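Next comes start14.txt, with compact mmCIF, C-alpha atoms.
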# COMPACT_ATOMS: atom_id res chain seq x y z
CA MET A 509 171.98 156.63 286.09
CA ASN A 510 175.39 155.15 285.40
CA ALA A 511 175.84 151.42 285.94
CA LEU A 512 178.98 149.32 286.06
CA ILE A 513 178.26 145.66 285.31
CA THR A 514 181.09 143.27 286.14
CA GLY A 515 180.79 140.13 284.08
CA GLY A 516 178.62 142.15 281.72
CA ALA A 517 179.59 140.14 278.62
CA GLY A 518 178.19 137.02 280.23
CA PHE A 519 174.73 135.59 279.74
CA ILE A 520 172.86 137.49 282.48
CA GLY A 521 175.09 140.56 282.27
CA SER A 522 174.45 141.05 278.56
CA HIS A 523 170.68 140.95 279.11
CA LEU A 524 170.92 143.39 282.00
CA SER A 525 173.06 145.73 279.87
CA GLU A 526 170.48 145.61 277.11
CA LEU A 527 167.60 146.39 279.47
CA LEU A 528 169.34 149.28 281.25
CA LEU A 529 170.33 150.87 277.93
CA ASN A 530 166.69 150.66 276.84
CA GLN A 531 165.84 152.54 280.04
CA ASN A 532 168.34 155.29 279.10
CA TRP A 533 171.04 154.29 281.58
CA HIS A 534 174.72 154.68 280.78
CA VAL A 535 176.29 151.21 281.00
CA GLN A 536 179.96 150.34 281.48
CA VAL A 537 180.78 146.63 281.18
CA LEU A 538 183.90 144.99 282.57
CA ASP A 539 184.58 141.37 281.61
CA ASP A 540 187.73 139.27 281.25
CA LEU A 541 185.94 137.04 278.70
CA SER A 542 186.88 133.87 280.59
CA THR A 543 183.27 132.68 280.43
CA GLY A 544 181.60 135.70 278.78
CA SER A 545 181.78 136.50 275.08
CA LYS A 546 182.08 139.68 273.02
CA SER A 547 179.37 138.26 270.74
CA ASN A 548 176.87 138.61 273.61
CA ILE A 549 177.24 142.40 273.59
CA GLU A 550 178.22 143.04 269.97
CA HIS A 551 174.77 144.47 269.21
CA LEU A 552 175.21 147.05 272.00
CA THR A 553 178.56 148.53 270.98
CA GLU A 554 177.12 151.19 268.67
CA ASN A 555 175.02 152.67 271.47
CA PRO A 556 176.77 155.87 272.66
CA ASN A 557 175.73 155.09 276.24
CA PHE A 558 177.58 151.76 276.22
CA GLN A 559 181.26 151.13 276.97
CA PHE A 560 183.16 147.87 277.27
CA ALA A 561 186.52 147.11 278.88
CA VAL A 562 188.33 143.77 278.81
CA ASP A 563 189.88 143.27 282.23
CA THR A 564 189.42 141.43 285.50
CA VAL A 565 187.75 142.58 288.71
CA LEU A 566 191.04 141.69 290.42
CA ASN A 567 192.67 144.72 288.77
CA GLU A 568 192.28 147.22 291.60
CA MET A 569 193.43 150.23 289.59
CA VAL A 570 190.86 149.66 286.86
CA MET A 571 188.11 148.91 289.37
CA ASP A 572 188.86 152.10 291.29
CA ARG A 573 188.45 154.26 288.19
CA LEU A 574 185.30 152.54 286.91
CA ILE A 575 183.55 152.54 290.28
CA SER A 576 184.41 156.21 290.87
CA GLU A 577 182.47 157.04 287.69
CA CYS A 578 179.28 154.98 288.29
CA ASP A 579 176.20 155.23 290.49
CA VAL A 580 175.43 151.51 290.83
CA ILE A 581 177.65 148.43 290.58
CA TYR A 582 176.01 145.20 289.48
CA HIS A 583 178.62 142.65 290.50
CA LEU A 584 177.90 139.59 288.35
CA ALA A 585 181.48 138.48 287.63
CA ALA A 586 182.00 135.02 289.12
CA ALA A 587 183.03 131.46 288.36
CA VAL A 588 179.83 129.75 287.16
CA GLY A 589 178.67 126.30 286.10
CA VAL A 590 179.07 123.06 288.04
CA GLU A 591 181.60 121.58 285.60
CA LEU A 592 183.90 124.61 285.84
CA ILE A 593 183.57 124.71 289.63
CA VAL A 594 184.48 121.02 290.03
CA LYS A 595 187.39 121.23 287.59
CA LYS A 596 188.83 124.55 288.80
CA PRO A 597 188.13 124.98 292.53
CA VAL A 598 191.08 127.36 293.12
CA HIS A 599 189.90 129.60 290.27
CA THR A 600 186.38 129.49 291.72
CA ILE A 601 187.41 130.60 295.20
CA ARG A 602 189.83 133.27 294.02
CA THR A 603 187.47 134.77 291.47
CA ASN A 604 184.48 134.86 293.79
CA VAL A 605 186.07 135.90 297.09
CA GLU A 606 188.95 138.12 295.98
CA GLY A 607 186.93 139.64 293.12
CA THR A 608 184.09 140.65 295.42
CA ASP A 609 186.56 142.01 297.97
CA CYS A 610 188.09 144.23 295.28
CA VAL A 611 184.64 145.52 294.25
CA LEU A 612 183.58 146.20 297.84
CA LYS A 613 186.77 148.08 298.73
CA ALA A 614 186.39 150.47 295.80
CA ALA A 615 182.65 150.85 296.41
CA ARG A 616 183.37 151.74 300.03
CA ARG A 617 185.92 154.34 298.97
CA TYR A 618 183.35 156.20 296.86
CA HIS A 619 180.22 155.16 298.79
CA LYS A 620 178.51 153.58 295.78
CA THR A 621 175.49 151.28 295.67
CA VAL A 622 176.39 147.61 295.15
CA VAL A 623 174.19 144.74 293.96
CA ILE A 624 175.86 141.38 294.61
CA ALA A 625 174.67 138.43 292.52
CA SER A 626 174.72 135.44 294.84
CA THR A 627 173.24 132.00 294.23
CA SER A 628 170.69 129.44 295.34
CA GLU A 629 173.70 127.16 295.97
CA VAL A 630 174.15 129.04 299.26
CA TYR A 631 171.22 127.03 300.69
CA GLY A 632 173.35 123.89 300.23
CA LYS A 633 171.78 120.68 301.48
CA SER A 634 168.80 122.36 303.15
CA THR A 635 165.55 120.39 302.89
CA SER A 636 163.35 123.28 304.02
CA ILE A 637 161.31 123.76 300.82
CA PRO A 638 160.70 126.40 299.55
CA PHE A 639 163.96 128.13 300.45
CA LYS A 640 163.39 131.37 302.34
CA GLU A 641 166.01 134.08 302.57
CA GLU A 642 166.32 133.84 306.36
CA ASP A 643 166.61 130.02 306.42
CA ASP A 644 169.72 128.30 307.75
CA THR A 645 172.23 127.17 305.15
CA VAL A 646 173.55 123.60 305.20
CA SER A 647 176.90 123.17 303.49
CA GLY A 648 178.59 119.92 302.49
CA PRO A 649 182.09 118.78 303.53
CA THR A 650 185.12 120.84 302.60
CA THR A 651 186.62 117.79 300.89
CA LYS A 652 184.00 118.05 298.13
CA HIS A 653 184.92 120.73 295.57
CA ARG A 654 181.25 121.05 294.69
CA TRP A 655 180.65 123.11 297.82
CA ALA A 656 183.49 125.59 297.24
CA TYR A 657 181.20 127.71 295.06
CA ALA A 658 178.39 127.85 297.63
CA CYS A 659 180.77 128.76 300.45
CA SER A 660 182.61 131.38 298.40
CA LYS A 661 179.33 133.11 297.53
CA ALA A 662 178.21 132.96 301.17
CA ILE A 663 181.46 134.71 302.12
CA ASP A 664 180.64 137.37 299.49
CA GLU A 665 177.31 137.94 301.22
CA PHE A 666 178.90 138.18 304.67
CA ALA A 667 181.50 140.64 303.37
CA ALA A 668 178.87 142.86 301.73
CA PHE A 669 176.69 142.97 304.83
CA ALA A 670 179.69 143.62 307.08
CA MET A 671 180.64 146.62 304.94
CA ALA A 672 177.06 147.90 304.98
CA LYS A 673 176.90 147.59 308.77
CA GLU A 674 180.14 149.49 309.31
CA THR A 675 179.68 152.22 306.71
CA GLY A 676 175.98 152.49 305.90
CA GLN A 677 176.84 151.42 302.36
CA PRO A 678 173.82 150.73 300.10
CA VAL A 679 174.03 146.97 299.45
CA TYR A 680 171.59 144.56 297.85
CA ILE A 681 172.04 140.76 297.65
CA VAL A 682 170.14 138.60 295.15
CA ARG A 683 170.25 134.81 295.23
CA LEU A 684 169.70 133.75 291.66
CA PHE A 685 168.05 130.40 291.04
CA ASN A 686 168.49 128.59 287.71
CA THR A 687 168.27 131.38 285.13
CA VAL A 688 167.93 130.49 281.45
CA GLY A 689 167.43 132.12 278.06
CA VAL A 690 169.10 133.03 274.79
CA ARG A 691 172.88 133.49 274.77
CA GLN A 692 173.40 131.01 277.61
CA SER A 693 176.18 128.53 276.95
CA GLY A 694 176.10 124.85 277.86
CA GLN A 695 179.90 124.78 277.95
CA TYR A 696 180.16 124.71 281.73
CA GLY A 697 177.24 122.44 282.53
CA MET A 698 174.19 124.67 282.00
CA VAL A 699 171.48 122.08 281.51
CA ILE A 700 168.89 123.66 279.19
CA PRO A 701 171.23 124.73 276.35
CA ARG A 702 172.91 121.31 276.57
CA PHE A 703 169.59 119.50 276.30
CA ILE A 704 168.35 121.71 273.48
CA LYS A 705 171.51 121.27 271.39
CA LYS A 706 171.16 117.51 271.66
CA ALA A 707 167.44 117.64 270.88
CA LEU A 708 167.96 119.77 267.77
CA ALA A 709 170.53 117.25 266.52
CA ASN A 710 168.22 114.32 267.47
CA GLU A 711 171.02 112.92 269.62
CA PRO A 712 170.64 111.21 273.02
CA ILE A 713 170.12 113.68 275.87
CA PRO A 714 172.43 112.96 278.83
CA VAL A 715 170.77 113.26 282.26
CA TYR A 716 173.15 113.11 285.22
CA GLY A 717 172.23 110.84 288.12
CA ASP A 718 168.76 109.28 288.20
CA GLY A 719 167.12 112.48 286.92
CA ASN A 720 164.73 112.76 289.87
CA GLN A 721 166.47 115.90 291.16
CA SER A 722 164.28 118.96 290.53
CA ARG A 723 165.01 122.59 289.71
CA CYS A 724 163.13 125.79 288.86
CA PHE A 725 164.12 127.51 285.60
CA GLY A 726 163.38 131.23 285.39
CA ASN A 727 163.66 133.25 282.20
CA VAL A 728 166.52 135.76 282.17
CA ARG A 729 164.22 138.55 280.99
CA ASP A 730 162.15 138.24 284.17
CA VAL A 731 165.29 138.17 286.32
CA VAL A 732 167.03 141.23 284.83
CA GLY A 733 163.80 143.20 285.07
CA ALA A 734 163.87 142.54 288.80
CA LEU A 735 167.55 143.53 289.02
CA ALA A 736 166.76 146.87 287.38
CA ASN A 737 163.83 147.52 289.75
CA LEU A 738 165.69 146.41 292.86
CA VAL A 739 167.90 149.48 293.27
CA MET A 740 164.82 151.72 293.16
CA CYS A 741 163.46 150.02 296.30
CA LYS A 742 165.01 151.48 299.44
CA GLU A 743 163.18 148.93 301.59
CA ALA A 744 165.15 146.14 299.88
CA GLN A 745 168.49 147.73 300.79
CA GLY A 746 170.54 145.60 303.14
CA GLN A 747 168.51 142.47 302.45
CA VAL A 748 168.82 139.15 300.62
CA MET A 749 166.26 138.39 297.92
CA ASN A 750 165.57 135.20 295.95
CA LEU A 751 165.03 135.67 292.21
CA GLY A 752 163.88 133.10 289.66
CA THR A 753 160.71 131.08 289.35
CA ASP A 754 159.04 128.62 291.70
CA GLU A 755 157.79 126.38 288.87
CA GLU A 756 159.47 123.07 289.78
CA ILE A 757 160.38 120.28 287.34
CA THR A 758 162.53 117.14 287.58
CA ILE A 759 165.47 116.86 285.21
CA ASN A 760 163.89 113.74 283.66
CA ASP A 761 160.71 115.70 282.94
CA LEU A 762 162.75 118.63 281.67
CA ALA A 763 164.53 116.42 279.14
CA GLN A 764 161.20 115.00 277.99
CA LYS A 765 159.67 118.47 277.75
CA VAL A 766 162.56 119.66 275.56
CA ILE A 767 162.05 116.64 273.30
CA ASN A 768 158.28 117.26 273.06
CA VAL A 769 158.45 121.04 272.56
CA LEU A 770 161.13 120.80 269.87
CA ARG A 771 159.55 117.69 268.30
CA SER A 772 162.83 115.84 268.56
CA SER A 773 163.46 112.12 268.17
CA SER A 774 166.15 112.17 270.89
CA SER A 775 166.23 109.53 273.59
CA ILE A 776 167.23 110.07 277.24
CA VAL A 777 170.33 108.41 278.69
CA HIS A 778 171.42 108.50 282.32
CA ILE A 779 175.06 109.24 283.20
CA PRO A 780 176.43 108.55 286.73
CA TYR A 781 177.58 111.64 288.62
CA SER A 782 181.00 110.03 289.02
CA GLN A 783 181.36 109.99 285.24
CA ALA A 784 179.88 113.46 284.67
CA TYR A 785 181.77 115.29 287.43
CA GLU A 786 183.87 113.38 289.96
CA GLU A 787 183.73 110.43 292.33
CA GLY A 788 181.55 111.17 295.37
CA PHE A 789 179.83 114.19 293.77
CA GLU A 790 176.93 115.44 295.91
CA ASP A 791 173.83 117.06 294.49
CA MET A 792 170.72 118.65 295.97
CA LEU A 793 167.46 116.78 295.38
CA ARG A 794 165.28 119.91 295.22
CA ARG A 795 165.96 123.61 294.82
CA VAL A 796 162.81 125.74 295.04
CA PRO A 797 162.71 129.43 296.04
CA SER A 798 160.20 131.31 298.07
CA LEU A 799 159.44 134.45 296.05
CA ALA A 800 157.30 136.09 298.74
CA LYS A 801 159.90 138.73 299.65
CA ALA A 802 160.54 139.67 296.01
CA LYS A 803 156.81 139.99 295.40
CA LYS A 804 156.32 142.09 298.51
CA LEU A 805 159.24 144.48 297.96
CA ILE A 806 159.41 144.94 294.18
CA ASN A 807 156.17 143.30 293.02
CA TYR A 808 158.17 140.57 291.30
CA GLU A 809 156.16 137.96 289.42
CA PRO A 810 157.66 135.56 286.83
CA THR A 811 155.79 135.97 283.54
CA ILE A 812 157.60 133.70 281.06
CA GLY A 813 156.96 129.96 281.26
CA LEU A 814 159.38 127.12 280.62
CA GLU A 815 157.89 126.09 277.28
CA GLU A 816 158.26 129.62 275.89
CA THR A 817 161.85 129.70 277.15
CA ILE A 818 162.67 126.38 275.46
CA LEU A 819 161.28 127.69 272.16
CA GLU A 820 163.30 130.93 272.48
CA VAL A 821 166.53 129.10 273.24
CA GLY A 822 165.83 126.53 270.54
CA ASP A 823 165.41 129.25 267.91
CA TYR A 824 168.57 131.00 269.10
CA ILE A 825 170.70 127.85 269.01
CA ARG A 826 169.25 126.80 265.67
CA ASN A 827 170.19 130.19 264.17
CA ASN A 828 173.69 130.11 265.68
CA MET A 829 174.66 126.47 265.21
CA ASP A 830 178.02 127.32 263.68
Show me the file's structure as structure tokens.
Amino acid sequence: MNALITGGAGFIGSHLSELLLNQNWHVQVLDDLSTGSKSNIEHLTENPNFQFAVDTVLNEMVMDRLISECDVIYHLAAAVGVELIVKKPVHTIRTNVEGTDCVLKAARRYHKTVVIASTSEVYGKSTSIPFKEEDDTVSGPTTKHRWAYACSKAIDEFAAFAMAKETGQPVYIVRLFNTVGVRQSGQYGMVIPRFIKKALANEPIPVYGDGNQSRCFGNVRDVVGALANLVMCKEAQGQVMNLGTDEEITINDLAQKVINVLRSSSSIVHIPYSQAYEEGFEDMLRRVPSLAKAKKLINYEPTIGLEETILEVGDYIRNNMD
């Protein structure tokens, strides 16, 4: 099998590339390195089944050629991280909506299988816990940049399903919940690498808001294993699937767990959302997936716990502090 991974030099993309190569796939990565890094895939470059191109998914000529040569497109390229989304809303919308449109047009031309990486953010302000794939979505006001990401990814989903309906195109949608592991950067607001860097330096750990908001942090190795299995399941074609873990923890408890696991002397400090992001920033209190569909269709079961993930990321950051 030949895979094209857009955003393949990013955190999740690099792990997916690694896994598929280990399964004897040929992997072509496209990344503009705006949030990804060549260092994430450096260890893969000597593999004869791996190729890497620096370019954007908005380059229709390049996308046409790459998609014509692959069997499956894993479309992971997107604007990610709350800080980036709040600071660059135009970039967020353009990258997510126009980038996906470019991928879908080329995929339609050559009738290729597409896996679209969507997000738990699509559920918005929903309070129906756990989130099920067929639940209603509840978006915030258009005046709040925070919701531009959720809406842009929802449009990606609509566009993919519309194409599938009209053409019979093989399309899979995955809504990724908080995914963590080695090589993830805290640069754009990713909470676990930020907390761990502070803990390793015994510096105060900043928690935004009151810290009572809760999330579920799944290990990237579990998630990419599911992505690889997904395209082998015909029953999952044309459907949305949650991926992550349903092990819920508040951000206050997460900060304390990082301190305890890494035996840090850090304290916890609370930072108002208005100071961390922007005035009037809105957050979701809970974000918990139902994994029933993933278990039913691809026998998905998270296997790596949060403590193990913290130790893995701690070792990685410690060894790459420079």
Contact table stretch 716-747 of chain A vs stretch 776-792 of chain A, cut-off 8 Å, shortest pair per residue, only C-alpha atoms, as a tab-separated table:
residue	atom	partner	partner_atom	distance
A:Tyr716	CA	A:Ile779	CA	4.8
A:Gly717	CA	A:Pro780	CA	5.0
A:Asp718	CA	A:His778	CA	6.5
A:Gly719	CA	A:His778	CA	7.4
A:Gln721	CA	A:Met792	CA	7.0
For stretch 525-535 of chain A, find every residue with an atom within 12 Å (counting only C-alpha atoms), except residues of its own chain fewer than 6 positions away, and show them as number ranges by chain. A: 509-519, 548-561, 574-575, 577-582, 584, 728-737
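Using only C-alpha atoms for every distance, the candidate list A:Met740, A:Ile767, A:Ile624, A:Leu751 yields A:Leu751 as the residue closest to A:Pro810.
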Who sits within 12 Å of A:Lys613, only C-alpha atoms, same chain under 4 positions skipped, as a PyMOL selection string: chain A and resi 565-566+568-569+571-572+575-576+606-609+617-620+622+667-668+670-672+675+677
Excluding same-chain residues fewer than 4 positions from stretch 598-604 of chain A, what lies within 9 Å of it counting only C-alpha atoms, as a JSON list (two decimals) with C-alpha atoms, in the coordinates of the input?
[["chain", "number", "residue", "atom", "x", "y", "z"],
["A", 565, "VAL", "CA", 187.75, 142.58, 288.71],
["A", 566, "LEU", "CA", 191.04, 141.69, 290.42],
["A", 585, "ALA", "CA", 181.48, 138.48, 287.63],
["A", 586, "ALA", "CA", 182.00, 135.02, 289.12],
["A", 587, "ALA", "CA", 183.03, 131.46, 288.36],
["A", 588, "VAL", "CA", 179.83, 129.75, 287.16],
["A", 592, "LEU", "CA", 183.90, 124.61, 285.84],
["A", 593, "ILE", "CA", 183.57, 124.71, 289.63],
["A", 594, "VAL", "CA", 184.48, 121.02, 290.03],
["A", 608, "THR", "CA", 184.09, 140.65, 295.42],
["A", 609, "ASP", "CA", 186.56, 142.01, 297.97],
["A", 656, "ALA", "CA", 183.49, 125.59, 297.24],
["A", 657, "TYR", "CA", 181.20, 127.71, 295.06],
["A", 659, "CYS", "CA", 180.77, 128.76, 300.45],
["A", 660, "SER", "CA", 182.61, 131.38, 298.40],
["A", 661, "LYS", "CA", 179.33, 133.11, 297.53],
["A", 663, "ILE", "CA", 181.46, 134.71, 302.12],
["A", 664, "ASP", "CA", 180.64, 137.37, 299.49]]
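Distance-wise, atom CA of A:Met698 and atom CA of A:Tyr680 end up 25.6 Å apart.
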Suppose you want the space between atom CA of A:His523 and atom CA of A:Lys640; what is it in Å? 26.2 Å
What separation in Å, quoted to one decimal, exists between atom CA of A:Asn710 and atom CA of A:Asn686? 24.8 Å
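Closest to A:Gly726 among A:Phe685, A:Phe703, A:Phe666, A:Tyr824 is A:Phe685, based on only C-alpha atoms.
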Could you pull the residues within 12 Å of A:Lys804, counting all atoms listed in the file, minus those fewer than 6 positions along the same chain, as a list in words? Leu738, Cys741, Glu743, Ala744, Met749, Asn750 and Ser798 of chain A
Restrict the selected residues to C-alpha atoms and save them as an mmCIF file, keeping the file's coordinate frame.
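Done, and the output landed in result26.cif:
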data_model
loop_
_atom_site.group_PDB
_atom_site.id
_atom_site.type_symbol
_atom_site.label_atom_id
_atom_site.label_comp_id
_atom_site.auth_asym_id
_atom_site.auth_seq_id
_atom_site.Cartn_x
_atom_site.Cartn_y
_atom_site.Cartn_z
ATOM 1 C CA LEU A 738 165.690 146.410 292.860
ATOM 2 C CA CYS A 741 163.460 150.020 296.300
ATOM 3 C CA GLU A 743 163.180 148.930 301.590
ATOM 4 C CA ALA A 744 165.150 146.140 299.880
ATOM 5 C CA MET A 749 166.260 138.390 297.920
ATOM 6 C CA ASN A 750 165.570 135.200 295.950
ATOM 7 C CA SER A 798 160.200 131.310 298.070
#
Considering all atoms listed in the file, can you say which of A:Ala662, A:Val769, A:Val688, A:Leu793 comes closest to A:Glu629? A:Ala662
Measuring atom to atom with only C-alpha atoms, identify which of A:Thr621, A:Ser773, A:Thr564, A:Thr627 is nearest to A:Pro678.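 The answer is A:Thr621, which sits nearest to A:Pro678.
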List as a PyMOL selection string the protein and nucleic acid residues near A:Arg795, meaning an atom at most 7 Å away when only C-alpha atoms are counted, but skip any in the same chain fewer than 4 places from it. chain A and resi 722-724
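Minimum atom-to-atom distance to A:Glu816, evaluated using all atoms listed in the file, belongs to A:Val690 out of A:Ala707, A:Val646, A:Val690, A:Val679.
The residue that comes closest to A:Ile757, out of A:Leu814, A:Ile713, A:Ser772, A:Leu799 and on the basis of only C-alpha atoms, is A:Leu814.
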Any chance you could build stretch 666-697 of chain A out to N, CA and C atoms and write it as a PDB file, in the frame of the given file?
ATOM      1  N   PHE A 666     178.441 137.712 303.350  1.00  0.00           N
ATOM      2  CA  PHE A 666     178.900 138.180 304.670  1.00  0.00           C
ATOM      3  C   PHE A 666     179.723 139.455 304.537  1.00  0.00           C
ATOM      4  N   ALA A 667     180.623 139.475 303.551  1.00  0.00           N
ATOM      5  CA  ALA A 667     181.500 140.640 303.370  1.00  0.00           C
ATOM      6  C   ALA A 667     180.687 141.877 303.010  1.00  0.00           C
ATOM      7  N   ALA A 668     179.691 141.720 302.138  1.00  0.00           N
ATOM      8  CA  ALA A 668     178.870 142.860 301.730  1.00  0.00           C
ATOM      9  C   ALA A 668     178.070 143.411 302.898  1.00  0.00           C
ATOM     10  N   PHE A 669     177.487 142.513 303.693  1.00  0.00           N
ATOM     11  CA  PHE A 669     176.690 142.970 304.830  1.00  0.00           C
ATOM     12  C   PHE A 669     177.569 143.579 305.915  1.00  0.00           C
ATOM     13  N   ALA A 670     178.779 143.049 306.092  1.00  0.00           N
ATOM     14  CA  ALA A 670     179.690 143.620 307.080  1.00  0.00           C
ATOM     15  C   ALA A 670     180.050 145.057 306.696  1.00  0.00           C
ATOM     16  N   MET A 671     180.325 145.274 305.401  1.00  0.00           N
ATOM     17  CA  MET A 671     180.640 146.620 304.940  1.00  0.00           C
ATOM     18  C   MET A 671     179.456 147.555 305.151  1.00  0.00           C
ATOM     19  N   ALA A 672     178.258 147.071 304.820  1.00  0.00           N
ATOM     20  CA  ALA A 672     177.060 147.900 304.980  1.00  0.00           C
ATOM     21  C   ALA A 672     176.841 148.278 306.445  1.00  0.00           C
ATOM     22  N   LYS A 673     177.099 147.325 307.338  1.00  0.00           N
ATOM     23  CA  LYS A 673     176.900 147.590 308.770  1.00  0.00           C
ATOM     24  C   LYS A 673     177.881 148.644 309.276  1.00  0.00           C
ATOM     25  N   GLU A 674     179.114 148.570 308.814  1.00  0.00           N
ATOM     26  CA  GLU A 674     180.140 149.490 309.310  1.00  0.00           C
ATOM     27  C   GLU A 674     180.068 150.876 308.682  1.00  0.00           C
ATOM     28  N   THR A 675     179.593 150.952 307.452  1.00  0.00           N
ATOM     29  CA  THR A 675     179.680 152.220 306.710  1.00  0.00           C
ATOM     30  C   THR A 675     178.348 152.803 306.280  1.00  0.00           C
ATOM     31  N   GLY A 676     177.259 152.023 306.412  1.00  0.00           N
ATOM     32  CA  GLY A 676     175.980 152.490 305.900  1.00  0.00           C
ATOM     33  C   GLY A 676     175.888 152.381 304.387  1.00  0.00           C
ATOM     34  N   GLN A 677     176.784 151.608 303.812  1.00  0.00           N
ATOM     35  CA  GLN A 677     176.840 151.420 302.360  1.00  0.00           C
ATOM     36  C   GLN A 677     175.541 150.821 301.822  1.00  0.00           C
ATOM     37  N   PRO A 678     175.001 151.344 300.700  1.00  0.00           N
ATOM     38  CA  PRO A 678     173.820 150.730 300.100  1.00  0.00           C
ATOM     39  C   PRO A 678     174.195 149.409 299.415  1.00  0.00           C
ATOM     40  N   VAL A 679     173.703 148.302 299.965  1.00  0.00           N
ATOM     41  CA  VAL A 679     174.030 146.970 299.450  1.00  0.00           C
ATOM     42  C   VAL A 679     172.753 146.169 299.259  1.00  0.00           C
ATOM     43  N   TYR A 680     172.694 145.463 298.141  1.00  0.00           N
ATOM     44  CA  TYR A 680     171.590 144.560 297.850  1.00  0.00           C
ATOM     45  C   TYR A 680     172.182 143.195 297.481  1.00  0.00           C
ATOM     46  N   ILE A 681     171.588 142.111 297.991  1.00  0.00           N
ATOM     47  CA  ILE A 681     172.040 140.760 297.650  1.00  0.00           C
ATOM     48  C   ILE A 681     170.889 140.026 296.967  1.00  0.00           C
ATOM     49  N   VAL A 682     171.155 139.434 295.806  1.00  0.00           N
ATOM     50  CA  VAL A 682     170.140 138.600 295.150  1.00  0.00           C
ATOM     51  C   VAL A 682     170.678 137.178 295.018  1.00  0.00           C
ATOM     52  N   ARG A 683     169.888 136.217 295.425  1.00  0.00           N
ATOM     53  CA  ARG A 683     170.250 134.810 295.230  1.00  0.00           C
ATOM     54  C   ARG A 683     169.513 134.321 293.990  1.00  0.00           C
ATOM     55  N   LEU A 684     170.274 134.145 292.927  1.00  0.00           N
ATOM     56  CA  LEU A 684     169.700 133.750 291.660  1.00  0.00           C
ATOM     57  C   LEU A 684     169.518 132.232 291.608  1.00  0.00           C
ATOM     58  N   PHE A 685     168.300 131.810 291.305  1.00  0.00           N
ATOM     59  CA  PHE A 685     168.050 130.400 291.040  1.00  0.00           C
ATOM     60  C   PHE A 685     168.275 130.161 289.547  1.00  0.00           C
ATOM     61  N   ASN A 686     168.148 128.922 289.097  1.00  0.00           N
ATOM     62  CA  ASN A 686     168.490 128.590 287.710  1.00  0.00           C
ATOM     63  C   ASN A 686     167.856 129.585 286.742  1.00  0.00           C
ATOM     64  N   THR A 687     168.708 130.336 286.052  1.00  0.00           N
ATOM     65  CA  THR A 687     168.270 131.380 285.130  1.00  0.00           C
ATOM     66  C   THR A 687     168.659 130.961 283.719  1.00  0.00           C
ATOM     67  N   VAL A 688     167.700 131.024 282.801  1.00  0.00           N
ATOM     68  CA  VAL A 688     167.930 130.490 281.450  1.00  0.00           C
ATOM     69  C   VAL A 688     167.417 131.460 280.399  1.00  0.00           C
ATOM     70  N   GLY A 689     167.884 131.275 279.165  1.00  0.00           N
ATOM     71  CA  GLY A 689     167.430 132.120 278.060  1.00  0.00           C
ATOM     72  C   GLY A 689     168.449 132.129 276.939  1.00  0.00           C
ATOM     73  N   VAL A 690     168.192 132.957 275.940  1.00  0.00           N
ATOM     74  CA  VAL A 690     169.100 133.030 274.790  1.00  0.00           C
ATOM     75  C   VAL A 690     170.451 133.582 275.231  1.00  0.00           C
ATOM     76  N   ARG A 691     171.478 133.137 274.550  1.00  0.00           N
ATOM     77  CA  ARG A 691     172.880 133.490 274.770  1.00  0.00           C
ATOM     78  C   ARG A 691     173.524 132.711 275.910  1.00  0.00           C
ATOM     79  N   GLN A 692     172.776 131.828 276.569  1.00  0.00           N
ATOM     80  CA  GLN A 692     173.400 131.010 277.610  1.00  0.00           C
ATOM     81  C   GLN A 692     174.157 129.856 276.962  1.00  0.00           C
ATOM     82  N   SER A 693     175.344 129.590 277.484  1.00  0.00           N
ATOM     83  CA  SER A 693     176.180 128.530 276.950  1.00  0.00           C
ATOM     84  C   SER A 693     176.060 127.271 277.798  1.00  0.00           C
ATOM     85  N   GLY A 694     176.094 126.123 277.143  1.00  0.00           N
ATOM     86  CA  GLY A 694     176.100 124.850 277.860  1.00  0.00           C
ATOM     87  C   GLY A 694     177.507 124.364 278.154  1.00  0.00           C
ATOM     88  N   GLN A 695     178.502 125.188 277.866  1.00  0.00           N
ATOM     89  CA  GLN A 695     179.900 124.780 277.950  1.00  0.00           C
ATOM     90  C   GLN A 695     180.310 124.353 279.349  1.00  0.00           C
ATOM     91  N   TYR A 696     179.729 124.995 280.366  1.00  0.00           N
ATOM     92  CA  TYR A 696     180.160 124.710 281.730  1.00  0.00           C
ATOM     93  C   TYR A 696     179.088 123.985 282.541  1.00  0.00           C
ATOM     94  N   GLY A 697     178.198 123.282 281.842  1.00  0.00           N
ATOM     95  CA  GLY A 697     177.240 122.440 282.530  1.00  0.00           C
ATOM     96  C   GLY A 697     175.831 122.984 282.603  1.00  0.00           C
TER      97      GLY A 697
END
